[in-house]
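Worksheet for the structure shown next.
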Amino acid sequence: MKLRKLLIIFGLLFSNHLSFCQSDTIIYYNLLDSVLKDETNAVKYSSLTKKGKSNYKLFTYILDEKKWIKESCISIKRINENHFEFDNSSNVRFDVSERVIINHENGQFYIQDISSDGQIMQEGYSEMIFPLIKTGKWIRYSFDNYKISEDFYEKNKLIRNTRFTKEGKEDIHNVFYFAEEMPMYGNTSFKDFTKLFLTRLQYPRNAAENGIQGEIQIEFVIMEDGRMDGFQILKNANNILNVEAIKTLTTFNEKWAPGKINGKPVRVLYSLSVNFFLQ
């Protein structure tokens, strides 16, 4: 597949009112999600295509056995000069429904991504609007609107971060979202691990008898020594369901191989969604 030349210029034109036009753009990434100059050593790329005056398509491709495979396609509609809406048409989970440009200074945008419930999911500075090239401090929030982490980036590469408890206390530092070697449960990838987790998960009898159901989202960290730590409920349904999901997760605690960057073990974040629904 012949790829178009990376548009380094980014095609961004500005006025004092944040009016802009972004041209078709391709950005390449390595295993750590850092931005690359071209497709050499790339394992992923994002392609923005303009569709008419106010509409865009954002495609993501991943390299699979030397072939580029489409992972996702997100439709974007421009509402006004600094407000966009997303329509996720892929099978990849995407919790953000809106992107708002709050400010533009020194060639960077201050951006907020907002969920369908109106909660800010993340905010910070980026060199681009689509796709993001994060720079400086970014803050992530839970669905309950408490701060999960403060992350510091250079060209989309995570440099350092701090995670926080729901009570606002500092928790685990320097947890990566990507690693050159991702954590493994034995010889099991995280995708297959998720399936294995669901086979072990039981619907709590007390919850079923009382008609309690809903969706929860959990984050947890695979530490340098393979331990699981830092469990957090990002999306809360009911405490009975939360406890059952985390209890099931901890049964996998002793068998993880840690993630690695430059051959050294690092802390890596994983997240999964669990749907408890009665039929």
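By convention here, the chains of the structure tokens are called A, B, ... in the order presented, each chain's residues are numbered starting at 1, and ligands are numbered starting at 1 in the order presented.
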Which polymer residues have any atom within 8 Å of an atom of A:Leu241, counting only C-alpha atoms, with same-chain residues fewer than 4 positions away left out, as a list in words? Tyr203, Pro204, Ala207, Gln213, Ile216, Ala237, Ala245 and Phe276 of chain A
Just N, CA and C atoms for this one: save the residues we selected as a CSV table (one decimal), in the first residue's frame.
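Now in selection_16.csv:
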```
chain,number,residue,atom,x,y,z
A,203,TYR,N,-21.5,-13.6,38.0
A,203,TYR,CA,-22.5,-12.5,38.3
A,203,TYR,C,-22.8,-12.7,39.8
A,204,PRO,N,-22.6,-11.7,40.6
A,204,PRO,CA,-22.8,-11.8,42.1
A,204,PRO,C,-24.3,-12.1,42.3
A,207,ALA,N,-26.4,-9.3,43.6
A,207,ALA,CA,-26.7,-8.3,42.6
A,207,ALA,C,-27.8,-8.8,41.6
A,213,GLN,N,-27.5,-4.2,37.8
A,213,GLN,CA,-26.7,-4.4,36.5
A,213,GLN,C,-26.1,-3.1,36.1
A,216,ILE,N,-19.0,-1.3,34.1
A,216,ILE,CA,-17.9,-0.7,34.8
A,216,ILE,C,-16.7,-0.7,34.0
A,237,ALA,N,-20.7,1.3,38.4
A,237,ALA,CA,-22.1,0.9,38.2
A,237,ALA,C,-22.7,0.6,39.6
A,245,ALA,N,-15.6,-7.7,40.1
A,245,ALA,CA,-14.7,-7.6,39.0
A,245,ALA,C,-13.2,-7.6,39.4
A,276,PHE,N,-22.3,-6.0,33.1
A,276,PHE,CA,-23.2,-6.9,33.9
A,276,PHE,C,-24.7,-6.6,33.5
```
Interface rows for stretch 88-201 of chain A against stretch 254-265 of chain A: nearest pair, Å to one decimal, 9 Å, only C-alpha atoms, as a tab-separated table:
```
residue	atom	partner	partner_atom	distance
A:Phe178	CA	A:Gly259	CA	8.7
A:Ala179	CA	A:Ile261	CA	5.6
A:Glu180	CA	A:Ile261	CA	5.3
A:Glu181	CA	A:Lys260	CA	5.0
A:Met182	CA	A:Gly259	CA	4.4
A:Pro183	CA	A:Gly259	CA	4.2
A:Met184	CA	A:Ala257	CA	5.1
A:Tyr185	CA	A:Trp256	CA	4.5
A:Gly186	CA	A:Lys255	CA	6.0
A:Asn187	CA	A:Ala257	CA	8.9
```
May I have the selected residues written with C-alpha atoms, as a compact mmCIF listing (two decimals), in the first residue's frame?
```txt
# COMPACT_ATOMS: atom_id res chain seq x y z
CA PHE A 178 2.53 1.74 25.67
CA ALA A 179 5.68 -0.37 25.90
CA GLU A 180 7.97 -1.94 23.32
CA GLU A 181 7.12 -5.28 24.94
CA MET A 182 3.68 -5.24 26.49
CA PRO A 183 2.91 -7.25 29.66
CA MET A 184 1.83 -10.83 29.06
CA TYR A 185 -0.17 -13.22 31.19
CA GLY A 186 1.93 -16.29 30.49
CA ASN A 187 1.87 -16.50 26.69
```
Which residues are close to A:Glu123, i.e. within 7 Å by only C-alpha atoms, leaving aside same-chain residues fewer than 2 positions away? Reply as a PyMOL selection string. chain A and resi 111-113+138-140
Using only C-alpha atoms, please write the residues we just selected to a file, as a CSV table (one decimal), in the first residue's frame.
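File written: selection26.csv
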```csv
chain,number,residue,atom,x,y,z
A,111,ILE,CA,-8.0,20.9,24.0
A,112,GLN,CA,-10.7,19.3,26.1
A,113,ASP,CA,-12.2,15.9,25.1
A,138,TRP,CA,-2.3,16.4,30.1
A,139,ILE,CA,-4.9,15.5,32.7
A,140,ARG,CA,-7.1,12.5,32.5
```
Given only C-alpha atoms as the counted atoms, nearest of A:Ile69, A:Ile240, A:Val96, A:Leu269 to A:Met121: A:Val96
Which residue out of A:Lys66, A:Asn80, A:Val243, A:Thr248 has the minimum interatomic distance to A:Glu39 when only C-alpha atoms are used? A:Lys66
Skip A:Asp33 itself and residues of its chain fewer than 3 positions away, then list as JSON, numbers by chain all residues within 12 Å of it, counting only C-alpha atoms. {"A": [27, 28, 29, 30, 36, 41, 42, 43, 44, 45, 46, 62, 131, 132, 133, 134, 153, 154, 155, 156, 157, 158, 159, 176, 177, 178, 179, 180]}
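Taking the backbone of this structure through DSSP, the residues of stretch 26-209 of chain A that come out as helix (DSSP H, G or I) are Phe190, Lys191, Asp192, Phe193, Thr194, Lys195, Leu196, Phe197, Leu198, Thr199, Arg200, Arg205, Asn206, Ala207, Ala208 and Glu209 of chain A.
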Could you state the separation of atom CA of A:Glu85 and atom CA of A:Glu98 in Å, given to one decimal place? 4.4 Å
Excluding same-chain residues fewer than 2 positions from A:Ser75, what lies within 9 Å of it counting only C-alpha atoms, as a ChimeraX atom specification? /A:55-59,73,77,85-89
List every residue of stretch 141-183 of chain A that DSSP, applied to the backbone of this structure, assigns to strand (DSSP E or B), and report them as number ranges by chain. A: 141, 147-154, 157-164, 170-173, 175-176, 181
Go through A:Glu127, A:Glu170, A:Asp151, A:Glu105 one by one, measure the shortest atom-to-atom distance of each to A:Gly230 using only C-alpha atoms, and give the residue with the smallest value.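 Among the listed residues, the smallest separation from A:Gly230 belongs to A:Glu170.
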Restricting the calculation to only C-alpha atoms: of A:Asn275, A:Thr188, A:Ser149, A:Ser142, which residue gets closest to A:Leu201?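 Among A:Asn275, A:Thr188, A:Ser149, A:Ser142, it is A:Asn275 that comes nearest to A:Leu201.
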Atom CA of A:Ser189 to atom CA of A:Lys166 measures 29.1 Å
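Comparing A:Gln232, A:Asn242, A:Asn106, A:Ser271 by their smallest distance to A:Ile172, the closest is A:Gln232 (using only C-alpha atoms).
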